[in-house]
$ cat structure.cif   # mmCIF, C-alpha atoms
data_protein
#
loop_
_atom_site.label_atom_id
_atom_site.label_comp_id
_atom_site.auth_asym_id
_atom_site.auth_seq_id
_atom_site.Cartn_x
_atom_site.Cartn_y
_atom_site.Cartn_z
CA MET A 1076 7.87 82.52 56.05
CA ILE A 1077 7.27 80.04 53.27
CA SER A 1078 5.79 76.78 54.46
CA GLN A 1079 7.19 73.47 53.31
CA GLN A 1080 3.84 72.48 51.83
CA SER A 1081 3.49 75.52 49.60
CA LEU A 1082 7.03 74.97 48.41
CA LEU A 1083 6.21 71.41 47.41
CA LYS A 1084 2.99 72.36 45.64
CA ARG A 1085 4.33 75.24 43.58
CA THR A 1086 4.25 74.96 39.78
CA TRP A 1087 7.46 76.70 38.89
CA PRO A 1088 10.87 76.45 40.50
CA MET A 1089 11.41 79.40 42.76
CA VAL A 1090 14.56 81.25 43.65
CA VAL A 1091 14.53 82.52 47.19
CA GLN A 1092 16.88 85.38 47.81
CA CYS A 1093 17.38 87.34 50.93
CA ALA A 1094 18.10 91.06 50.52
CA GLU A 1095 19.99 91.15 53.77
CA ALA A 1096 21.32 88.59 56.11
CA HIS A 1097 19.75 90.27 59.15
CA ARG A 1098 16.64 92.37 58.99
CA LYS A 1099 14.15 93.46 61.52
CA PRO A 1100 11.11 91.19 61.35
CA ARG A 1101 7.89 92.74 60.04
CA TRP A 1102 6.07 92.62 63.29
CA VAL A 1103 8.65 94.55 65.29
CA PRO A 1104 7.48 98.18 65.79
CA VAL A 1105 9.39 101.36 65.17
CA ALA A 1106 12.29 101.82 67.52
CA LYS A 1107 11.58 104.05 70.50
CA SER A 1108 14.38 106.43 69.58
CA LYS A 1109 12.98 106.94 66.05
CA ILE A 1110 9.31 107.15 66.90
CA TYR A 1111 8.96 110.92 66.35
CA ARG A 1112 11.51 111.27 63.59
CA ILE A 1113 10.00 112.73 60.43
CA PRO A 1114 12.19 112.34 57.34
CA LYS A 1115 12.71 115.55 55.40
CA ARG A 1116 11.04 115.76 52.00
CA PRO A 1117 13.58 115.83 49.20
CA GLU A 1118 13.93 119.29 47.73
CA VAL A 1119 13.90 119.36 43.95
CA SER A 1120 14.44 122.60 42.16
CA GLU A 1121 12.05 123.67 39.43
CA GLU A 1122 14.65 123.39 36.66
CA GLU A 1123 15.69 119.95 37.79
CA ARG A 1124 12.11 118.82 38.00
CA LEU A 1125 11.37 120.01 34.48
CA GLU A 1126 14.55 118.43 33.17
CA LEU A 1127 13.73 115.13 34.84
CA LEU A 1128 10.20 115.30 33.47
CA ARG A 1129 11.56 115.86 29.98
CA ILE A 1130 14.01 112.99 30.24
CA ASN A 1131 11.38 110.69 31.68
CA ASN A 1132 8.88 111.61 28.99
CA ASN A 1133 11.47 111.01 26.32
CA TYR A 1134 12.34 107.67 27.81
CA LYS A 1135 8.72 106.57 28.05
CA THR A 1136 7.94 107.64 24.48
CA GLN A 1137 10.92 105.84 23.06
CA MET A 1138 10.25 102.70 25.03
CA ARG A 1139 6.62 102.70 23.94
CA ALA A 1140 7.67 103.07 20.31
CA ILE A 1141 10.11 100.16 20.58
CA ARG A 1142 7.56 98.00 22.33
CA ARG A 1143 4.91 98.74 19.75
CA PHE A 1144 7.35 98.05 16.92
CA PHE A 1145 8.23 94.64 18.31
CA HIS A 1146 4.62 93.83 19.07
CA GLU A 1147 3.46 94.68 15.56
CA GLU A 1148 6.31 92.78 14.04
CA MET A 1149 5.43 89.74 16.10
CA ILE A 1150 1.78 89.93 15.08
CA LYS A 1151 2.73 90.28 11.44
CA GLU A 1152 5.10 87.33 11.60
CA LYS A 1153 2.54 85.21 13.37
CA SER A 1154 -0.22 85.99 10.91
CA THR A 1155 1.97 85.18 7.93
CA LYS A 1156 3.09 81.94 9.54
CA ASP A 1157 -0.49 81.02 10.46
CA SER A 1158 -1.85 81.71 7.02
CA ALA A 1159 0.98 79.77 5.41
CA SER A 1160 0.53 76.76 7.67
CA SER A 1161 -3.25 76.84 7.43
CA GLU A 1162 -3.03 77.13 3.66
CA MET A 1163 -0.64 74.22 3.63
CA SER A 1164 -2.85 72.11 5.86
CA LEU A 1165 -5.92 73.04 3.84
CA ARG A 1166 -4.21 72.04 0.64
CA LEU A 1167 -3.01 68.78 2.18
CA GLU A 1168 -6.47 68.05 3.43
CA ALA A 1169 -8.04 68.77 0.06
CA GLN A 1170 -5.52 66.44 -1.56
CA GLU A 1171 -6.28 63.74 0.98
CA TRP A 1172 -10.01 64.19 0.41
CA GLU A 1173 -9.59 63.92 -3.33
CA ARG A 1174 -7.52 60.78 -2.96
CA CYS A 1175 -10.13 59.20 -0.68
CA VAL A 1176 -13.01 60.12 -2.97
CA GLU A 1177 -11.20 58.72 -5.97
CA LEU A 1178 -10.42 55.48 -4.15
CA ASN A 1179 -14.00 55.23 -3.02
CA GLU A 1180 -15.38 55.89 -6.47
CA LYS A 1181 -13.25 53.11 -7.84
CA TRP A 1182 -14.42 50.73 -5.15
CA ASN A 1183 -18.07 51.70 -5.65
CA ALA A 1184 -17.81 51.19 -9.42
CA GLN A 1185 -16.27 47.78 -8.85
CA VAL A 1186 -18.99 46.81 -6.41
CA ALA A 1187 -21.70 48.07 -8.76
CA LEU A 1188 -20.26 45.98 -11.58
CA GLU A 1189 -20.17 42.88 -9.41
CA ARG A 1190 -23.69 43.51 -8.24
CA GLU A 1191 -25.00 43.84 -11.80
CA GLU A 1192 -23.31 40.56 -12.66
CA ARG A 1193 -24.81 38.90 -9.64
CA ARG A 1194 -28.27 40.30 -10.36
CA LYS A 1195 -28.12 38.94 -13.88
CA GLN A 1196 -27.18 35.49 -12.60
CA GLU A 1197 -29.96 35.62 -10.08
CA LEU A 1198 -32.46 36.64 -12.73
CA ILE A 1199 -31.43 33.73 -14.96
CA LYS A 1200 -31.74 31.36 -12.05
CA MET A 1201 -35.15 32.73 -11.16
CA GLU A 1202 -36.35 32.33 -14.74
CA GLU A 1203 -35.13 28.77 -14.82
CA TYR A 1204 -36.89 28.01 -11.60
CA ALA A 1205 -40.14 29.54 -12.84
CA LEU A 1206 -39.96 27.58 -16.10
CA GLU A 1207 -39.32 24.39 -14.21
CA ARG A 1208 -42.29 24.99 -11.99
CA MET A 1209 -44.53 25.79 -14.96
CA GLU A 1210 -43.46 22.63 -16.69
CA ALA A 1211 -44.15 20.55 -13.62
CA LYS A 1212 -47.58 22.13 -13.30
CA ASP A 1213 -48.37 21.39 -16.94
CA LYS A 1214 -47.26 17.82 -16.53
CA GLU A 1215 -49.43 17.34 -13.47
CA LEU A 1216 -52.45 18.78 -15.25
CA GLU A 1217 -51.92 16.48 -18.20
CA GLU A 1218 -51.67 13.51 -15.90
CA ARG A 1219 -54.90 14.43 -14.21
CA ILE A 1220 -56.70 14.85 -17.53
CA LYS A 1221 -55.42 11.47 -18.65
CA LYS A 1222 -56.61 9.83 -15.47
CA ALA A 1223 -60.05 11.42 -15.76
CA SER A 1224 -60.51 10.40 -19.39
CA GLU A 1225 -59.51 6.84 -18.49
CA GLN A 1226 -62.11 6.79 -15.77
CA ILE A 1227 -64.77 8.14 -18.16
CA ARG A 1228 -63.98 5.43 -20.68
CA LYS A 1229 -64.33 2.72 -18.02
CA GLN A 1230 -67.60 4.13 -16.74
CA LYS A 1231 -68.95 4.23 -20.29
CA GLU A 1232 -68.10 0.55 -20.75
CA ILE A 1233 -69.85 -0.37 -17.56
CA ALA A 1234 -72.89 1.76 -18.42
CA ALA A 1235 -74.06 -0.87 -20.93
CA THR A 1236 -74.89 -3.28 -18.11
CA PHE A 1237 -76.81 -0.76 -16.00
CA ILE A 1238 -80.47 -1.53 -15.19
CA THR A 1239 -82.73 1.02 -16.89
CA PRO A 1240 -86.60 1.32 -16.70
CA GLU A 1241 -86.79 -0.59 -19.99
CA THR A 1242 -84.72 -3.53 -18.77
CA LEU A 1243 -86.15 -3.49 -15.24
CA ASP A 1244 -88.66 -6.33 -15.84
CA ALA A 1245 -86.08 -8.54 -17.46
CA ALA A 1246 -83.67 -7.93 -14.59
CA ILE A 1247 -86.36 -8.82 -12.02
CA GLU A 1248 -87.19 -11.96 -13.87
CA HIS A 1249 -83.55 -12.90 -14.11
CA ALA A 1250 -83.13 -12.34 -10.38
CA LEU A 1251 -86.15 -14.43 -9.52
CA ALA A 1252 -85.01 -17.18 -11.82
CA ASN A 1253 -81.55 -17.34 -10.26
CA PRO A 1254 -81.88 -16.91 -6.49
CA VAL A 1255 -78.60 -16.51 -4.66
CA ASP A 1256 -78.17 -17.86 -1.16
CA TYR A 1257 -75.36 -16.36 0.87
CA ASN A 1258 -75.94 -18.51 3.99
CA PHE A 1259 -73.32 -21.00 4.89
CA ALA A 1260 -72.26 -23.22 7.75
CA ILE A 1261 -68.79 -23.96 9.04
CA ASP A 1262 -67.46 -27.01 10.89
CA LEU A 1263 -64.53 -27.47 13.25
CA GLN A 1264 -62.10 -28.08 10.42
CA GLY A 1265 -63.08 -24.80 8.82
CA ASN A 1266 -64.96 -26.36 5.90
CA GLN A 1267 -67.60 -24.07 4.42
CA PHE A 1268 -71.06 -25.49 3.47
CA LEU A 1269 -72.76 -22.92 1.24
CA GLY A 1270 -76.57 -22.67 1.20
CA ARG A 1271 -79.20 -22.95 3.88
CA ASP A 1272 -80.47 -26.38 2.80
CA THR A 1273 -77.26 -28.03 1.76
CA PRO A 1274 -77.09 -31.47 3.34
CA ILE A 1275 -73.99 -32.08 5.52
CA PRO A 1276 -72.02 -35.21 4.59
CA GLN A 1277 -72.19 -37.71 7.49
CA LYS A 1278 -68.76 -39.36 7.32
CA ASN A 1279 -67.26 -36.87 9.86
CA LEU A 1280 -70.03 -37.57 12.35
CA ASP A 1281 -69.54 -41.32 11.99
CA LYS A 1282 -65.94 -41.12 13.04
CA LYS A 1283 -66.63 -39.12 16.20
CA PRO A 1284 -68.36 -41.59 18.62
CA PRO A 1285 -65.47 -44.09 18.90
CA SER A 1286 -63.05 -41.32 19.86
CA VAL A 1287 -65.31 -40.06 22.67
CA MET B 208 -23.55 42.97 30.85
CA PRO B 209 -22.52 39.95 32.84
CA PHE B 210 -19.16 38.43 32.18
CA MET B 211 -19.02 35.73 29.42
CA LYS B 212 -22.68 35.91 28.55
CA GLY B 213 -24.34 36.29 25.18
CA ARG B 214 -22.93 35.81 21.69
CA ALA B 215 -19.17 36.21 21.33
CA PRO B 216 -18.50 37.95 24.65
CA ILE B 217 -14.93 38.52 23.51
CA ARG B 218 -16.30 41.60 21.75
CA ARG B 219 -16.69 43.24 25.14
CA THR B 220 -13.17 42.61 26.41
CA LEU B 221 -10.83 45.55 26.68
CA ASN B 222 -8.10 43.83 24.70
CA TYR B 223 -10.44 43.25 21.77
CA LEU B 224 -11.81 46.79 21.83
CA ASN B 225 -8.33 48.28 22.00
CA ALA B 226 -7.21 46.16 19.04
CA GLY B 227 -9.55 48.06 16.70
CA LYS B 228 -7.68 49.31 13.65
CA LEU B 229 -10.13 51.90 12.33
CA VAL B 230 -9.67 55.37 13.84
CA LEU B 231 -11.81 57.80 11.89
CA LYS B 232 -10.60 61.22 10.81
CA ASP B 233 -11.36 64.11 13.14
CA LYS B 234 -13.80 65.72 10.73
CA ILE B 235 -16.12 62.71 10.63
CA LYS B 236 -19.03 63.16 12.99
CA ILE B 237 -21.48 60.39 12.04
CA PHE B 238 -20.76 56.87 10.81
CA SER B 239 -23.84 54.98 9.64
CA VAL B 240 -24.19 51.43 8.38
CA ALA B 241 -27.31 50.34 6.50
CA TYR B 242 -27.89 46.65 5.83
CA ASN B 243 -30.54 43.93 5.70
CA ILE B 244 -30.61 40.86 7.89
CA SER B 245 -31.45 38.50 5.03
CA GLY B 246 -29.72 37.77 1.76
CA ALA B 247 -26.27 36.43 0.99
CA ASN B 248 -25.03 39.85 -0.21
CA ASN B 249 -25.62 41.26 3.29
CA ASN B 250 -23.50 38.68 5.10
CA GLY B 251 -20.34 40.79 5.01
CA ALA B 252 -22.14 43.87 6.31
CA LYS B 253 -23.82 41.86 9.03
CA GLU B 254 -20.54 40.36 10.19
CA PHE B 255 -18.88 43.76 9.99
CA VAL B 256 -21.51 45.18 12.32
CA PHE B 257 -21.24 42.20 14.63
CA TRP B 258 -17.46 42.09 14.93
CA TYR B 259 -16.08 45.55 14.16
CA LEU B 260 -18.71 48.07 15.23
CA PRO B 261 -17.87 47.76 18.96
CA GLN B 262 -14.22 48.44 18.17
CA ILE B 263 -15.07 51.44 15.99
CA GLN B 264 -17.29 52.97 18.64
CA TYR B 265 -14.66 52.36 21.33
CA LYS B 266 -11.90 53.91 19.27
CA ASN B 267 -14.05 56.88 18.21
CA PRO B 268 -16.00 57.95 21.29
CA ASP B 269 -16.89 61.35 19.77
CA VAL B 270 -18.45 59.85 16.63
CA GLN B 271 -22.10 58.86 16.40
CA VAL B 272 -22.26 55.30 15.11
CA ALA B 273 -25.68 54.39 13.73
CA THR B 274 -27.06 51.22 12.15
CA LEU B 275 -30.07 51.18 9.84
CA LYS B 276 -31.49 47.71 9.64
CA ASN B 277 -33.85 46.51 6.87
CA LEU B 278 -34.33 49.97 5.38
CA THR B 279 -32.28 49.63 2.21
CA PRO B 280 -32.27 47.53 -0.96
CA SER B 281 -28.49 47.03 -0.80
CA PRO B 282 -26.06 47.54 2.10
CA PHE B 283 -23.89 50.66 2.33
CA ILE B 284 -21.86 52.77 4.77
CA LYS B 285 -22.24 56.54 4.88
CA CYS B 286 -19.92 58.93 6.70
CA TYR B 287 -20.97 62.51 7.44
CA PHE B 288 -18.30 65.21 7.83
CA ASP B 289 -18.63 68.27 10.04
CA ASP B 290 -18.78 70.59 7.01
CA GLY B 291 -21.69 68.77 5.37
CA ARG B 292 -19.69 66.54 3.06
CA LYS B 293 -20.66 62.88 2.81
CA ILE B 294 -18.89 59.80 1.61
CA LEU B 295 -20.81 56.71 0.57
CA VAL B 296 -19.24 53.27 0.50
CA ASP B 297 -21.07 50.44 -1.22
CA ILE B 298 -20.48 47.20 0.69
CA ASP B 299 -22.66 44.90 -1.36
CA ASN B 300 -21.45 41.30 -1.30
CA LYS B 301 -18.10 42.18 0.35
CA SER B 302 -16.47 40.37 3.25
CA LYS B 303 -16.03 42.14 6.57
CA ASP B 304 -12.26 42.29 6.27
CA ASP B 305 -12.43 43.82 2.79
CA ILE B 306 -14.79 46.46 4.09
CA LEU B 307 -12.55 47.30 7.06
CA GLU B 308 -9.46 47.51 4.87
CA HIS B 309 -11.20 49.87 2.47
CA LEU B 310 -12.52 52.06 5.29
CA ILE B 311 -9.06 52.35 6.83
CA ASN B 312 -7.75 53.51 3.47
CA THR B 313 -10.47 56.08 2.86
CA VAL B 314 -12.04 57.44 6.05
CA GLY B 315 -9.52 56.25 8.63
CA LYS B 316 -6.39 57.98 9.81
CA SER B 317 -3.22 56.72 8.20
CA LYS B 318 -0.63 54.79 10.15
CA GLU B 319 1.89 57.66 10.25
CA VAL B 320 -0.68 60.10 11.63
CA LEU B 321 -1.72 57.60 14.28
CA GLU B 322 1.86 57.03 15.35
CA ALA B 323 2.56 60.75 15.58
CA GLU B 324 -0.58 61.26 17.63
CA ALA B 325 0.33 58.38 19.93
CA ILE B 326 3.76 59.91 20.58
CA ALA B 327 2.24 63.32 21.27
CA ALA B 328 -0.37 61.83 23.56
CA GLU B 329 2.17 59.78 25.46
CA LYS B 330 4.28 62.81 26.33
CA LYS B 331 1.33 64.70 27.72
CA ASP B 332 -0.57 61.81 29.17
CA ASN B 333 2.07 59.96 31.07
CA PRO B 334 2.28 61.53 34.53
CA ALA B 335 5.68 59.91 35.04
CA ASN B 336 7.24 62.20 32.43
CA PHE B 337 8.86 65.44 33.54
CA GLY B 338 11.01 68.06 31.96
CA VAL B 339 10.61 70.41 29.01
CA GLY B 340 7.24 70.10 27.25
CA CYS B 341 5.70 67.99 29.98
CA GLU B 342 3.20 68.79 32.62
CA ARG B 343 5.85 69.45 35.26
CA PRO B 344 9.32 70.77 34.73
CA CYS B 345 10.92 68.95 37.65
CA ILE B 346 10.40 65.71 39.53
CA CYS B 347 10.73 67.63 42.78
CA GLU B 348 7.18 68.87 42.33
CA VAL B 349 5.78 65.40 42.98
CA TYR B 350 4.63 64.97 46.53
CA GLY B 351 7.01 62.73 48.44
CA GLN B 352 10.05 63.46 46.27
CA ILE B 353 12.99 65.38 47.61
CA PRO B 354 12.70 69.13 46.93
CA CYS B 355 15.33 70.75 44.76
CA PRO B 356 18.32 71.67 46.93
CA GLY B 357 18.21 75.18 45.46
CA VAL B 358 14.88 75.72 47.14
CA VAL B 359 15.14 73.72 50.33
CA PRO B 360 18.52 72.55 51.57
CA LEU B 361 19.07 68.82 51.46
CA PRO B 362 18.97 66.97 54.74
CA LYS B 363 22.31 66.99 56.43
CA PHE B 364 23.01 63.31 56.02
CA MET B 365 22.98 63.79 52.25
CA ARG B 366 25.34 66.72 52.16
CA GLY B 367 29.03 66.22 51.71
CA LYS B 368 29.79 69.03 54.09
CA TYR B 369 28.34 67.03 56.95
CA LYS B 370 28.87 63.53 55.56
CA ASN B 371 32.60 63.91 55.13
CA PRO B 372 33.70 66.24 57.89
CA ALA B 373 37.33 65.55 57.04
CA ASN B 374 36.96 67.51 53.81
#
$ encode --input "structure.cif" --output "structure tokens"
Amino acid sequence: MISQQSLLKRTWPMVVQCAEAHRKPRWVPVAKSKIYRIPKRPEVSEEERLELLRINNNYKTQMRAIRRFFHEEMIKEKSTKDSASSEMSLRLEAQEWERCVELNEKWNAQVALEREERRKQELIKMEEYALERMEAKDKELEERIKKASEQIRKQKEIAATFITPETLDAAIEHALANPVDYNFAIDLQGNQFLGRDTPIPQKNLDKKPPSV
Amino acid sequence: MPFMKGRAPIRRTLNYLNAGKLVLKDKIKIFSVAYNISGANNNGAKEFVFWYLPQIQYKNPDVQVATLKNLTPSPFIKCYFDDGRKILVDIDNKSKDDILEHLINTVGKSKEVLEAEAIAAEKKDNPANFGVGCERPCICEVYGQIPCPGVVPLPKFMRGKYKNPAN
């Protein structure tokens, strides 16, 4: 018996046919009345057997020939179709490849051109930048030289008044002759009185006692 | 990766990945991008890698997608075919959209091919389809559906013989 589950899980639709409406189930044994019955072997005469053998052999040979013919024809047809389609696809693919390569070449050439242009621009810019920097450097150097020469000129002017061993005695004498006193006093109003021995005017002191 | 973390997390969403337009030809096995991370002429390549490489890898799971960073004087894309052929695309100073458009035209499958493949895939892929050329010839093979009445008789309440006894 076919279970419901196997019916549901099958891959192809199945046609169930019963040979007979009523048949003895498989598990029922041989009937008691037939248990010792031995069917008689069919008797085939020698001529009939040979004739049947001949006919059968003929039939088998012919069928084999037909089968082989169809099989070979199918293989031939298939191979021709395959080769044609593969050739076609190969040609199409080669065409596609050529188209892509051509497109790509064009694109690459365009990009190369643009890049060259860009590189040129960049080079010009770089040169400009370098020139600018060199000019700035030159200008700075010039400025420094100018400043230094100015300083040298000033120092040279001052050098005339320097005290040398020859003028040392004169300088000492001049210093002794003109003593300088840096001492000074200061009062509450912020007046400065230069010199250690400078007499202080008394009019401020006179005014003080009455106010106290 | 955590959700909504990192730069432009939209690149990791399924909608974005599925929206990729570049499907490489079957013969292409390796897709490599070489670029530098500095320089104005590399900006397009950099953005291309940032925005479109996830889509390309998602759409072409059988292709090796490689990036070569800071190993080249000028950026380029190189595709290797399974029979040893190579195709080199110069992407110097090009925007990411220009690059993608060009790649679709040269190494990508054309729109017609993609459509045909989608139709073919849909017929085979969709388990809801049945009939000639599909995975199953009849809906009755699906578990839970009613078996064909030629194989197992319909339940009695569905059969006219029992439903309409007058006939």
$ interface_residues --input "structure.cif" --of "chain B" --to "chain A" --cutoff "8 Å" --atoms "only C-alpha atoms" --output "VMD selection string"
chain B and resid 294 to 300 312 to 314 343 to 344 347 to 350 354 357 to 358
$ atom_distance --input "structure.cif" --atom1 "CA of Thr274 in chain B" --atom2 "CA of Leu260 in chain B"
9.4 Å
$ closest_residue --input "structure.cif" --among "A:Glu1202, A:Glu1218, A:Glu1168, A:Glu1241" --to "Lys316 in chain B" --atoms "only C-alpha atoms"
A:Glu1168
$ atom_distance --input "structure.cif" --atom1 "CA of Leu231 in chain B" --atom2 "CA of Asn267 in chain B"
6.8 Å
$ closest_residue --input "structure.cif" --among "B:Ile237, B:Val320, B:Val256, B:Ile306" --to "Arg218 in chain B" --atoms "all atoms listed in the file"
B:Val256
$ closest_residue --input "structure.cif" --among "B:Thr279, B:Gln262, B:Asn371, B:Gln271" --to "Asn249 in chain B" --atoms "only C-alpha atoms"
B:Thr279
$ resolve_selection --input "structure.cif" --expression "the PyMOL selection byres ((chain B and resi 223) around 12)" --output "PyMOL selection string"
chain B and resi 215-222+224-228+258-263+265-266
$ atom_distance --input "structure.cif" --atom1 "CA of Lys368 in chain B" --atom2 "CA of Arg1098 in chain A"
27.2 Å
$ resolve_selection --input "structure.cif" --expression "the PyMOL selection byres ((chain B and resi 289) around 9)" --output "ChimeraX atom specification"
/B:233-237,287-288,290-292
$ closest_residue --input "structure.cif" --among "B:Ile326, B:Leu310, B:Leu361, B:Val230" --to "Pro268 in chain B" --atoms "all atoms listed in the file"
B:Val230
$ closest_residue --input "structure.cif" --among "B:Ile346, B:Ala273, B:Leu321, B:Ala252" --to "Lys232 in chain B" --atoms "all atoms listed in the file"
B:Leu321
$ resolve_selection --input "structure.cif" --expression "the PyMOL selection byres ((chain A and resi 1259) around 12)" --output "list in words"
Val1255, Asp1256, Tyr1257, Asn1258, Ala1260, Ile1261, Asp1262, Gly1265, Asn1266, Gln1267, Phe1268, Leu1269, Gly1270, Arg1271, Asp1272, Thr1273, Pro1274 and Ile1275 of chain A
$ axis_aligned_box --input "structure.cif" --around "range 1144-1147 of chain A" --padding-each-side "6 Å" --output "JSON"
{"center_x": 5.8, "center_y": 95.9, "center_z": 17.3, "size_x": 16.8, "size_y": 16.2, "size_z": 15.5}
